[in-house]
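In what follows, a structure is listed as structure tokens, so that the remarks can point back to it.
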Amino acid sequence: MSTESNMPTATPPNHFTSYPRFIFRSLVLATDGSWLFYAWMTLLTAMTLVGVHAWAVQVRDGMILTNMTDQVSWGLYIANFTFMVGVAAGAVMMVIPAYLYRDKEMHDVVIIGEILAVAAMIMCLLFVIVDLGRPDRFWHMLPFIGRFHWPISMLTWDVIVLNGYLLLNLHICGYLLYIRFLGKKPNPKWYIPFVYLSIFWAISIHTVTAFLYCGLGGRPFWNTALLAPRFLASAFVAGPAFLILAMQVIRRFSNFRISDHPMRILVNIIRVAILIGLLMVVSEIFTEFYTGGAHIASAQYLYFGLHGHNALVPWIWTSIACTIIAAFIFMKPNIIKHKWALDVACILAFIGLWIEKGMGLIVPGFVPSTLHEIVEYLPSMTEYKITVGIWAFGLMIFTVGLKIAIPILTEQLSTQQISKQQENEVQLPVNSHAD
Amino acid sequence: MSEESKHSLPVINNGMSRRTLLKGVGATLGASSFAIAIAPIAQWAKDTSVDEFLQQHYKELSSSDLDQVITRLEQDAKDKYGADVTIRDHQPLPDVQFAYALNLSICIGCRRCAEACHQENNHDRATSNSYIRVLEMDKGSLNLEHGKVNYDHPVPADDKFYMPVQCQQCENAPCVNVCPVEATWQEEDGIVVVDYNWCIGCRYCEAACPYHARRFNWKKPEIPKQEINPKQGYLSNRIRPQGVVEKCHFCLHRTRQGQLPACLEACPTGARVFGNVLDPDSEIRWVLENKRVFVLKEELGTKPRFFYFFDE
């Protein structure tokens, strides 16, 4: 580390040599750690490989290995895709306080949210790829190279906003980390405009993803103007809930000092968003069931079962129970002091919304089918394996991102302290990662 | 700067030698397990040629490109199914707008249309796939909610009528709008087709279609070679690849050559009427002018070319 910490006092950095060193240093940081870290990464690698294998077999033998049918033509993959778009968008709830409200302490930890956005976006893209019958033809979807059906197809909009959000966050994280690695002060011109853009962009990713579904006239269950607002409300619960849990893990396993303050802000955001979300669920349920008629068949199937078919009923009531209990716990005034209760609330909210956005939203859109056949769907083993694989891979990206970011951010602080005593002291190797 | 990097590297190496070794072992193990895990892809890739991978969209193929593609597909049918087939690229005829009408008063629900479709269009045998689904409906209601597709008794049953549903060839087709890669479009004679070699298999069209008209190839279609219909069209009944979407194409390999759709020819009651609405003497024109026809889910604004009617 001594080399890097001397950089600012020396001549201006030559990016052709310092950027490769940054990458190399990142690689070292990403692969060094305690035995617990190695065990964690080995576990995630093993789970990822199980998923890779299941996917390879699915590509070879066909999607017959899933439990999807011509009636229920999207399942667990698209369900997880939809949910992860929300998690990525929810990460913006750290960016807004940090940059719009200039909250200093949130600003110190905002990179956690940005890394989460990167990991979640990559997971989204993977969930789309594993859902393709012909992944070898993905290049047909690239603008200019393939035939990009823009602006008519909402899926092309989604390709643009999802990849755009990924690139924005990669740029912001990469720039800030590289500059701090050099020991310099970030130039606002190079990242503040992108941060503001990413705030609007975060809203757009979940709105466009909702438009994928609510624009389909043939699917009354999705064809509601409330879908995009509901997506956003649940995103602003699921994202912050994950971040609160992540921050507590980081506090425990690294020397990155995080105060309660950012968590308190996230709890406040969750309190509002979870209630708005529940209000919109009640509003939807009322409109559907009080009106009645053929359009409510999907809602009937989801909440109560239809003509003896009720595969999703236990899922959705689990989801509602989790969300309501979580909402009650979050309302506790000094919840931030009771970490155990806070963790339970975050986990319940995360699970509840994962079910609601996934099995509770995608699958009932297809049941009954457009010709009113009732074909039920529960995921197959292949689908579970691939899904677990992508989750493990996403957690791996998140872990690696933090492993790189935290030492660089904390060393930045140490560097300043060290440089004051630099003249008369021998430099100590800074070893910030837990070992 | 350079002095210090010279200095720092050996320090890291000395301190980390055992760990570096372990990392190397770990990386090697990881890479080889990845190779094993991904191996099924290699078996699958053997069946997919580079030409197929690089093939352009149907509308961008020159006639010589298309000839090459068709030769390759015919060879594939020989290699994989043992069948000698002829694939042609049937063009829409000038001054033709196809439409279909179905007389619900005389349809008896025998499902011979669905069976004829199954055979004509080289569908997978095991799943008995077909582009047509026949709904058994209660007399006195046009509500699809009360329709049944899996009825299993002698037909026609009392108090029931039968409604075959297939692609409605919508003028304002939701499936065409949602496709992210323009793999499906409406031809000049009104038929909505799919380029099976361009479709990426995202199934967004299946979600968008209000008539359950689209089918996905969940696996490679299996057909005994003696049952394969050798007269094939590039945009219609050629054997589809695994992992792409397909749909009813009004048997364009027949109808663009003056023949009638296979489902119509199979109908024992004459409930089906097909033709060119621009031809004033056609039967379809007479039906549309003289019968009170209706379309399914008119409120969605899809403008189907498939009409239903009852005798008075």
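How things are named: the first chain in the structure tokens is A, the next is B, and so on; residues count from 1 in each chain; ligands count from 1 in the order shown.
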- Message: Could you work out which residues of chain B fall inside 6 Å of chain A? Count only C-alpha atoms, and format the result as a VMD selection string.
- Response: chain B and resid 37 to 38 40 to 41 44 145 177 to 182 200 to 202 208 210 to 212 215 218 to 219 243
Keeping only N, CA, C and O atoms, take the residues you just selected and write them out as a CSV table (one decimal), in the first residue's frame.
```csv
chain,number,residue,atom,x,y,z
B,37,ALA,N,-19.0,-28.1,-15.3
B,37,ALA,CA,-20.4,-27.7,-15.1
B,37,ALA,C,-21.0,-27.2,-16.5
B,37,ALA,O,-22.1,-27.5,-16.7
B,38,ILE,N,-20.2,-26.6,-17.3
B,38,ILE,CA,-20.7,-25.9,-18.5
B,38,ILE,C,-20.7,-26.9,-19.7
B,38,ILE,O,-21.2,-26.6,-20.7
B,40,PRO,N,-22.3,-29.5,-20.8
B,40,PRO,CA,-23.5,-29.8,-21.7
B,40,PRO,C,-23.7,-28.8,-22.8
B,40,PRO,O,-24.2,-29.1,-23.9
B,41,ILE,N,-23.2,-27.5,-22.6
B,41,ILE,CA,-23.4,-26.5,-23.7
B,41,ILE,C,-22.6,-27.0,-24.9
B,41,ILE,O,-23.0,-26.8,-26.0
B,44,TRP,N,-24.4,-29.4,-26.9
B,44,TRP,CA,-25.5,-28.7,-27.6
B,44,TRP,C,-24.9,-27.9,-28.8
B,44,TRP,O,-25.5,-27.9,-29.9
B,145,GLU,N,-65.0,-17.8,-20.1
B,145,GLU,CA,-64.7,-18.3,-18.8
B,145,GLU,C,-65.4,-19.7,-18.6
B,145,GLU,O,-64.9,-20.5,-17.8
B,177,ASN,N,-46.1,-6.3,-31.6
B,177,ASN,CA,-45.6,-5.1,-31.0
B,177,ASN,C,-44.6,-5.4,-29.9
B,177,ASN,O,-43.6,-4.6,-29.7
B,178,VAL,N,-44.8,-6.4,-29.1
B,178,VAL,CA,-43.9,-6.6,-28.0
B,178,VAL,C,-42.6,-7.3,-28.3
B,178,VAL,O,-41.6,-7.2,-27.6
B,179,CYS,N,-42.5,-7.9,-29.5
B,179,CYS,CA,-41.3,-8.7,-29.8
B,179,CYS,C,-40.1,-7.7,-29.8
B,179,CYS,O,-40.0,-6.8,-30.5
B,180,PRO,N,-39.0,-8.0,-29.0
B,180,PRO,CA,-37.9,-7.1,-28.9
B,180,PRO,C,-37.0,-7.2,-30.1
B,180,PRO,O,-36.1,-6.3,-30.3
B,181,VAL,N,-37.1,-8.2,-31.0
B,181,VAL,CA,-36.1,-8.4,-32.0
B,181,VAL,C,-36.8,-8.4,-33.4
B,181,VAL,O,-36.1,-8.8,-34.4
B,182,GLU,N,-38.0,-8.1,-33.5
B,182,GLU,CA,-38.7,-8.1,-34.8
B,182,GLU,C,-38.7,-9.4,-35.5
B,182,GLU,O,-38.6,-9.6,-36.7
B,200,ILE,N,-35.6,-15.3,-30.3
B,200,ILE,CA,-34.7,-15.6,-29.2
B,200,ILE,C,-35.3,-16.4,-28.1
B,200,ILE,O,-34.7,-16.8,-27.1
B,201,GLY,N,-36.6,-16.6,-28.2
B,201,GLY,CA,-37.3,-17.4,-27.2
B,201,GLY,C,-37.6,-16.8,-25.9
B,201,GLY,O,-37.6,-17.4,-24.9
B,202,CYS,N,-37.9,-15.5,-25.9
B,202,CYS,CA,-38.1,-14.8,-24.6
B,202,CYS,C,-39.6,-15.0,-24.2
B,202,CYS,O,-39.9,-14.7,-23.1
B,208,ALA,N,-48.2,-11.7,-24.3
B,208,ALA,CA,-49.0,-10.6,-24.9
B,208,ALA,C,-50.3,-11.1,-25.6
B,208,ALA,O,-51.3,-10.3,-25.7
B,210,PRO,N,-53.8,-12.3,-26.5
B,210,PRO,CA,-55.0,-12.5,-25.8
B,210,PRO,C,-55.7,-13.8,-26.1
B,210,PRO,O,-56.8,-14.0,-25.6
B,211,TYR,N,-55.2,-14.5,-27.1
B,211,TYR,CA,-56.0,-15.7,-27.7
B,211,TYR,C,-55.3,-17.0,-27.5
B,211,TYR,O,-55.7,-18.0,-28.1
B,212,HIS,N,-54.2,-17.0,-26.7
B,212,HIS,CA,-53.4,-18.3,-26.5
B,212,HIS,C,-53.1,-18.9,-27.9
B,212,HIS,O,-53.2,-20.1,-28.1
B,215,ARG,N,-47.2,-20.9,-29.5
B,215,ARG,CA,-46.7,-22.1,-28.8
B,215,ARG,C,-45.2,-21.9,-28.8
B,215,ARG,O,-44.6,-21.3,-29.7
B,218,TRP,N,-40.6,-26.2,-26.3
B,218,TRP,CA,-40.0,-26.5,-25.0
B,218,TRP,C,-38.9,-27.5,-25.1
B,218,TRP,O,-38.0,-27.5,-24.3
B,219,LYS,N,-39.0,-28.3,-26.2
B,219,LYS,CA,-37.9,-29.2,-26.5
B,219,LYS,C,-37.8,-29.4,-28.0
B,219,LYS,O,-38.7,-28.8,-28.8
B,243,GLY,N,-36.6,-24.2,-28.6
B,243,GLY,CA,-36.4,-22.9,-28.0
B,243,GLY,C,-36.9,-21.7,-28.7
B,243,GLY,O,-36.5,-20.6,-28.4
```
- Item | Residues within 6 Å of Gly358 (chain A), only C-alpha atoms, excluding chain neighbours under 4 positions, as a list of chain:residue names |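 Result of the neighbour search: A:Ala79, A:Asn80, A:Trp354, A:Ile362.
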Using C-alpha atoms, can you export the residues from the last selection as a compact mmCIF listing (two decimals), in the first residue's frame?
```txt
# COMPACT_ATOMS: atom_id res chain seq x y z
CA ALA A 79 -40.30 -13.45 -11.04
CA ASN A 80 -36.79 -13.05 -9.64
CA TRP A 354 -39.91 -11.36 -2.95
CA ILE A 362 -45.96 -13.01 -12.50
```
- State, in Å with one decimal place, the distance from CA of Ala273 (chain A) to CA of Ala233 (chain A).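 Answer for the CA of Ala273 (chain A) to CA of Ala233 (chain A) separation: 5.1 Å.
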- Query: Which distance in Å separates CA of Asn290 (chain B) and CA of Phe309 (chain B), to one decimal?
  - Reply: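 These two atoms are separated by 10.3 Å.
Here CA of Ile228 (chain B) is placed at a distance of 25.1 Å from CA of Gln55 (chain B).
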- Message: I'd like to know which of B:Leu252, B:Ala271, B:Ala266, B:Leu296 is closest to Gln119 (chain B), using only C-alpha atoms.
- Response: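 Smallest distance to Gln119 (chain B) is found for B:Ala266.
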- Do you know which residues are at most 12 Å from Asp343 (chain A) counting only C-alpha atoms, after dropping those on the same chain fewer than 5 positions away, and could you put them as JSON, numbers by chain? {"A": [240, 241, 242, 243, 244, 245, 246, 247, 248, 249, 263, 267, 326, 329, 330, 335, 336, 337, 338, 348, 349, 350]}
- Task: Please provide the set of residues having any atom within 9 Å of His118 (chain B), restricted to only C-alpha atoms, with same-chain residues fewer than 6 positions apart removed, written as a list in words.
- Result: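 Final neighbour list, sorted by chain and number: Asp124, Arg125, Ser128, Asn129, Ser130, Tyr131 and Ile132 of chain B.
For the choices B:Ala42, B:Leu144, B:Ile191, B:Ile223, the atom-to-atom distance to Phe306 (chain B) is smallest for B:Ile191 when using only C-alpha atoms.
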- What's the 10 Å shell around Ile179 (chain A), counting only C-alpha atoms, without same-chain residues fewer than 5 positions away, as a list in words?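 Everything that qualifies: Tyr19, Phe22, Gly174, Lys184, Lys185, Pro186, Asn187, Ile408 and Gln412 of chain A.
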Kindly export the residues of the current selection with N, CA, C and O atoms, as a tab-separated table (two decimals), in the first residue's frame.
```
chain	number	residue	atom	x	y	z
A	19	TYR	N	-3.81	2.75	-13.49
A	19	TYR	CA	-5.09	2.03	-13.57
A	19	TYR	C	-4.89	0.52	-13.53
A	19	TYR	O	-5.57	-0.17	-12.76
A	22	PHE	N	-4.33	-0.36	-10.07
A	22	PHE	CA	-5.60	-0.32	-9.33
A	22	PHE	C	-6.36	-1.64	-9.52
A	22	PHE	O	-6.86	-2.25	-8.56
A	174	GLY	N	-16.59	2.81	-9.82
A	174	GLY	CA	-15.24	2.65	-10.33
A	174	GLY	C	-14.45	3.94	-10.22
A	174	GLY	O	-13.30	3.95	-9.77
A	184	LYS	N	-6.52	10.85	-4.17
A	184	LYS	CA	-6.92	12.20	-4.59
A	184	LYS	C	-8.36	12.46	-4.19
A	184	LYS	O	-9.09	11.58	-3.76
A	185	LYS	N	-8.74	13.75	-4.35
A	185	LYS	CA	-10.12	14.12	-4.07
A	185	LYS	C	-10.92	13.97	-5.37
A	185	LYS	O	-10.48	14.45	-6.42
A	186	PRO	N	-12.07	13.27	-5.33
A	186	PRO	CA	-12.85	13.10	-6.56
A	186	PRO	C	-13.27	14.45	-7.13
A	186	PRO	O	-13.60	15.37	-6.38
A	187	ASN	N	-13.21	14.55	-8.45
A	187	ASN	CA	-13.64	15.77	-9.12
A	187	ASN	C	-15.15	15.66	-9.38
A	187	ASN	O	-15.58	14.79	-10.13
A	408	ILE	N	-10.18	0.31	0.45
A	408	ILE	CA	-9.77	1.54	-0.23
A	408	ILE	C	-10.37	2.74	0.49
A	408	ILE	O	-9.69	3.75	0.73
A	412	GLN	N	-8.01	5.24	2.72
A	412	GLN	CA	-8.00	6.67	2.39
A	412	GLN	C	-7.90	7.48	3.69
A	412	GLN	O	-7.11	8.40	3.80
```
- Which residues in region 44-283 of chain A does DSSP call helix (DSSP H, G or I)? List them as a ChimeraX atom specification. /A:44-61,63-65,76-90,92-100,104-131,135-141,154-181,188-214,227-253,260-283
- Task: Name all residues at most 10 Å from Val161 (chain A) (count only C-alpha atoms; drop same-chain ones fewer than 5 positions away) and give them as a PyMOL selection string.
- Result: chain A and resi 155-156+166-167+201-209
Contacts of region 147-158 of chain B within 10 Å, only C-alpha atoms, excl. fewer than 4 positions in-chain, as an mmCIF file with N, CA, C and O atoms, in the first residue's frame:
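This is the output file result.cif:
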```cif
data_model
loop_
_atom_site.group_PDB
_atom_site.id
_atom_site.type_symbol
_atom_site.label_atom_id
_atom_site.label_comp_id
_atom_site.auth_asym_id
_atom_site.auth_seq_id
_atom_site.Cartn_x
_atom_site.Cartn_y
_atom_site.Cartn_z
ATOM 1 N N LEU A 371 -57.529 -18.199 -22.578
ATOM 2 C CA LEU A 371 -58.737 -18.941 -22.942
ATOM 3 C C LEU A 371 -59.376 -19.576 -21.702
ATOM 4 O O LEU A 371 -60.158 -20.501 -21.800
ATOM 5 N N HIS A 372 -58.993 -19.073 -20.535
ATOM 6 C CA HIS A 372 -59.577 -19.474 -19.251
ATOM 7 C C HIS A 372 -59.339 -20.927 -18.887
ATOM 8 O O HIS A 372 -60.117 -21.546 -18.177
ATOM 9 N N GLU A 373 -58.230 -21.478 -19.376
ATOM 10 C CA GLU A 373 -57.795 -22.769 -18.862
ATOM 11 C C GLU A 373 -57.055 -22.516 -17.562
ATOM 12 O O GLU A 373 -56.325 -21.536 -17.443
ATOM 13 N N ILE A 374 -57.208 -23.410 -16.607
ATOM 14 C CA ILE A 374 -56.429 -23.279 -15.380
ATOM 15 C C ILE A 374 -55.306 -24.300 -15.419
ATOM 16 O O ILE A 374 -55.528 -25.506 -15.298
ATOM 17 N N ILE B 106 -72.767 -24.883 -36.767
ATOM 18 C CA ILE B 106 -72.622 -26.235 -37.290
ATOM 19 C C ILE B 106 -71.331 -26.929 -36.846
ATOM 20 O O ILE B 106 -71.141 -28.104 -37.127
ATOM 21 N N CYS B 107 -70.454 -26.209 -36.153
ATOM 22 C CA CYS B 107 -69.256 -26.884 -35.618
ATOM 23 C C CYS B 107 -69.705 -27.898 -34.565
ATOM 24 O O CYS B 107 -70.490 -27.574 -33.680
ATOM 25 N N ILE B 108 -69.209 -29.149 -34.697
ATOM 26 C CA ILE B 108 -69.642 -30.194 -33.766
ATOM 27 C C ILE B 108 -68.578 -30.526 -32.730
ATOM 28 O O ILE B 108 -68.737 -31.438 -31.919
ATOM 29 N N GLY B 109 -67.448 -29.812 -32.747
ATOM 30 C CA GLY B 109 -66.429 -30.031 -31.714
ATOM 31 C C GLY B 109 -65.666 -31.331 -31.853
ATOM 32 O O GLY B 109 -65.159 -31.861 -30.868
ATOM 33 N N CYS B 110 -65.537 -31.859 -33.101
ATOM 34 C CA CYS B 110 -64.867 -33.150 -33.281
ATOM 35 C C CYS B 110 -63.354 -33.034 -33.213
ATOM 36 O O CYS B 110 -62.656 -34.033 -33.099
ATOM 37 N N ARG B 111 -62.838 -31.835 -33.308
ATOM 38 C CA ARG B 111 -61.403 -31.535 -33.206
ATOM 39 C C ARG B 111 -60.581 -32.137 -34.344
ATOM 40 O O ARG B 111 -59.393 -32.364 -34.206
ATOM 41 N N ARG B 133 -57.246 -24.756 -30.551
ATOM 42 C CA ARG B 133 -57.868 -25.299 -29.340
ATOM 43 C C ARG B 133 -59.363 -25.152 -29.509
ATOM 44 O O ARG B 133 -59.839 -24.090 -29.904
ATOM 45 N N VAL B 134 -60.094 -26.219 -29.207
ATOM 46 C CA VAL B 134 -61.547 -26.167 -29.357
ATOM 47 C C VAL B 134 -62.171 -26.057 -27.967
ATOM 48 O O VAL B 134 -61.932 -26.905 -27.108
ATOM 49 N N LEU B 135 -62.958 -25.007 -27.775
ATOM 50 C CA LEU B 135 -63.622 -24.801 -26.484
ATOM 51 C C LEU B 135 -65.036 -25.341 -26.551
ATOM 52 O O LEU B 135 -65.759 -25.093 -27.518
ATOM 53 N N GLU B 136 -65.421 -26.079 -25.521
ATOM 54 C CA GLU B 136 -66.819 -26.499 -25.400
ATOM 55 C C GLU B 136 -67.534 -25.485 -24.528
ATOM 56 O O GLU B 136 -67.133 -25.253 -23.375
ATOM 57 N N MET B 137 -68.572 -24.857 -25.078
ATOM 58 C CA MET B 137 -69.215 -23.743 -24.388
ATOM 59 C C MET B 137 -70.665 -24.093 -24.076
ATOM 60 O O MET B 137 -71.305 -24.860 -24.796
ATOM 61 N N ASP B 138 -71.185 -23.459 -23.004
ATOM 62 C CA ASP B 138 -72.600 -23.611 -22.682
ATOM 63 C C ASP B 138 -73.433 -22.785 -23.658
ATOM 64 O O ASP B 138 -73.115 -21.629 -23.909
ATOM 65 N N LYS B 139 -74.506 -23.410 -24.189
ATOM 66 C CA LYS B 139 -75.404 -22.621 -25.036
ATOM 67 C C LYS B 139 -75.979 -21.490 -24.199
ATOM 68 O O LYS B 139 -76.320 -21.677 -23.034
ATOM 69 N N SER B 141 -74.323 -18.612 -23.673
ATOM 70 C CA SER B 141 -73.288 -17.726 -23.155
ATOM 71 C C SER B 141 -72.100 -17.710 -24.104
ATOM 72 O O SER B 141 -71.708 -18.745 -24.634
ATOM 73 N N LEU B 142 -71.563 -16.521 -24.330
ATOM 74 C CA LEU B 142 -70.343 -16.431 -25.127
ATOM 75 C C LEU B 142 -69.136 -16.173 -24.235
ATOM 76 O O LEU B 142 -68.076 -15.791 -24.695
ATOM 77 N N ASN B 143 -69.334 -16.369 -22.927
ATOM 78 C CA ASN B 143 -68.266 -16.092 -21.985
ATOM 79 C C ASN B 143 -67.217 -17.204 -22.028
ATOM 80 O O ASN B 143 -67.499 -18.343 -21.659
ATOM 81 N N TYR B 162 -69.534 -25.376 -29.788
ATOM 82 C CA TYR B 162 -68.083 -25.556 -29.831
ATOM 83 C C TYR B 162 -67.426 -24.396 -30.567
ATOM 84 O O TYR B 162 -67.916 -23.950 -31.610
ATOM 85 N N MET B 163 -66.342 -23.919 -29.990
ATOM 86 C CA MET B 163 -65.680 -22.751 -30.541
ATOM 87 C C MET B 163 -64.176 -23.026 -30.711
ATOM 88 O O MET B 163 -63.428 -22.953 -29.747
ATOM 89 N N PRO B 164 -63.754 -23.373 -31.941
ATOM 90 C CA PRO B 164 -62.319 -23.530 -32.167
ATOM 91 C C PRO B 164 -61.631 -22.156 -32.152
ATOM 92 O O PRO B 164 -62.148 -21.206 -32.739
#
```
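When only C-alpha atoms are used to measure the gap to Asn121 (chain B), the shortest distance among B:Asp84, B:Asp311, B:Glu246, B:Asp279 belongs to B:Glu246.
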